[in-house]
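Report on the structure given below.
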Amino acid sequence: MSWTVWTEEIPARTVLGMPVGLRGKTANFLRALAIEVGGAIDLGRQPPGDAMDDFEVRHSLEVPGEPVIIEYMVIRDAEEIRVPVLVRFH
């Protein structure tokens with residue numbers, strides 16, 4: 001089973017409101033992030049981004065080269081990352 005990404009309603013609306021090119025880059029980044037997080041967890045490594053809590057559940061990072069910051073949570077049992085916060089600067 002591969003890791004999946006799930007976004008809350010507001011981050012999903014933010015992505016849908018982006019210009020088409022940025023929307024595609026952000027969606028592709030989120031899909032790749034789920035794969036990268038799953039690989040890191042499976043190998044016992046730290047997921048990408050900056051840890052935001054002591055339990056290493058919440059992380060933040062930015063989409064490289066784009067005005068987008070993401071906060072995500074690692075849900076190990078479900079093999080899923082959840083995105084409660086996604087901010088686009090414009």
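Within each chain, counting starts at residue 1; across the structure tokens, chains are named A, B, ... in the order shown, with ligands numbered 1 upward in that order.
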Within 9 Å of Leu33 (chain A) using only C-alpha atoms, minus same-chain residues under 5 positions, as a ChimeraX atom specification: /A:5,28,38,48,81
Create the file for the chosen residues now, containing N, CA, C and O atoms and written as a PDB file, in the first residue's frame.
```pdb
ATOM      1  N   VAL A   5      -2.248  11.377   0.350  1.00  0.00           N
ATOM      2  CA  VAL A   5      -2.347  12.728   0.894  1.00  0.00           C
ATOM      3  C   VAL A   5      -3.810  13.127   0.940  1.00  0.00           C
ATOM      4  O   VAL A   5      -4.579  12.808   0.039  1.00  0.00           O
ATOM      5  N   ASN A  28       1.122  18.202  -7.650  1.00  0.00           N
ATOM      6  CA  ASN A  28       2.193  17.235  -7.883  1.00  0.00           C
ATOM      7  C   ASN A  28       3.137  17.162  -6.686  1.00  0.00           C
ATOM      8  O   ASN A  28       3.593  16.079  -6.307  1.00  0.00           O
ATOM      9  N   GLY A  38       6.311   8.563   3.201  1.00  0.00           N
ATOM     10  CA  GLY A  38       6.180   7.123   3.406  1.00  0.00           C
ATOM     11  C   GLY A  38       7.516   6.412   3.337  1.00  0.00           C
ATOM     12  O   GLY A  38       7.817   5.552   4.162  1.00  0.00           O
ATOM     13  N   PRO A  48      10.383  14.833   5.587  1.00  0.00           N
ATOM     14  CA  PRO A  48      10.881  16.130   5.146  1.00  0.00           C
ATOM     15  C   PRO A  48      10.182  17.295   5.854  1.00  0.00           C
ATOM     16  O   PRO A  48       9.054  17.170   6.311  1.00  0.00           O
ATOM     17  N   ILE A  81      -0.652  11.364   4.813  1.00  0.00           N
ATOM     18  CA  ILE A  81      -0.334  12.679   5.336  1.00  0.00           C
ATOM     19  C   ILE A  81      -1.596  13.524   5.182  1.00  0.00           C
ATOM     20  O   ILE A  81      -2.316  13.411   4.193  1.00  0.00           O
TER      21      ILE A  81
END
```
Within 7 Å of Glu8 (chain A) using only C-alpha atoms, minus same-chain residues under 4 positions, as a ChimeraX atom specification: /A:12,83-84
Restricted to C-alpha atoms, what would the selected residues look like written as a short mmCIF file (atom, residue, chain, number, x, y, z; two decimals), in the first residue's frame?
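Everything below was put into out_11.cif:
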```cif
data_model
loop_
_atom_site.label_atom_id
_atom_site.label_comp_id
_atom_site.auth_asym_id
_atom_site.auth_seq_id
_atom_site.Cartn_x
_atom_site.Cartn_y
_atom_site.Cartn_z
CA ALA A 12 -8.16 22.28 -0.93
CA VAL A 83 -2.72 18.86 5.20
CA PRO A 84 -4.60 21.14 7.63
#
```
Within 12 Å of Asp77 (chain A) using only C-alpha atoms, minus same-chain residues under 5 positions, as JSON, numbers by chain: {"A": [1, 3, 4, 38, 41, 57]}
Residue nearest Gly49 (chain A) among A:Pro64, A:Pro19, A:Gly24, A:Pro11 (counting only C-alpha atoms):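 Counting only C-alpha atoms, the residue closest to Gly49 (chain A) is A:Pro64.
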Exercise: region 67-72 of chain A partners within 6 Å, only C-alpha atoms, chain neighbours under 4 positions left out, as a list of chain:residue names: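 The residues satisfying every condition are A:Arg58, A:His59, A:Ser60, A:Leu61, A:Glu62, A:Val63, A:Arg82, A:Val83, A:Val85, A:Leu86, A:Val87, A:Arg88, A:Phe89.
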Separation of CA of Trp6 (chain A) from CA of Glu80 (chain A) in Å: 7.2 Å
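Distances to Arg76 (chain A) were evaluated for A:Ser2, A:Ile10, A:Leu30, A:Gly17 using only C-alpha atoms, and the minimum falls at A:Ser2.
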Helix (DSSP H, G or I) positions in chain A, given as a PyMOL selection string: chain A and resi 9-16+20-42
CA of Glu56 (chain A) to CA of Ala40 (chain A), distance in Å rounded to a single decimal: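 Straight-line distance from CA of Glu56 (chain A) to CA of Ala40 (chain A) works out to 12.5 Å.
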Pick from A:Ala27, A:Ala78, A:Leu22, A:Ala34, whichever lies nearest to Glu66 (chain A) using only C-alpha atoms: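 The shortest atom-to-atom distance to Glu66 (chain A) comes from A:Leu22.
Between CA of Met73 (chain A) and CA of Val15 (chain A) there is a distance of 17.8 Å.
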Best match for closeness to Gly65 (chain A) among A:Phe29, A:Gln46, A:Glu36, A:Ala51, counting only C-alpha atoms: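 Using only C-alpha atoms, Gly65 (chain A) sits closest to A:Phe29.
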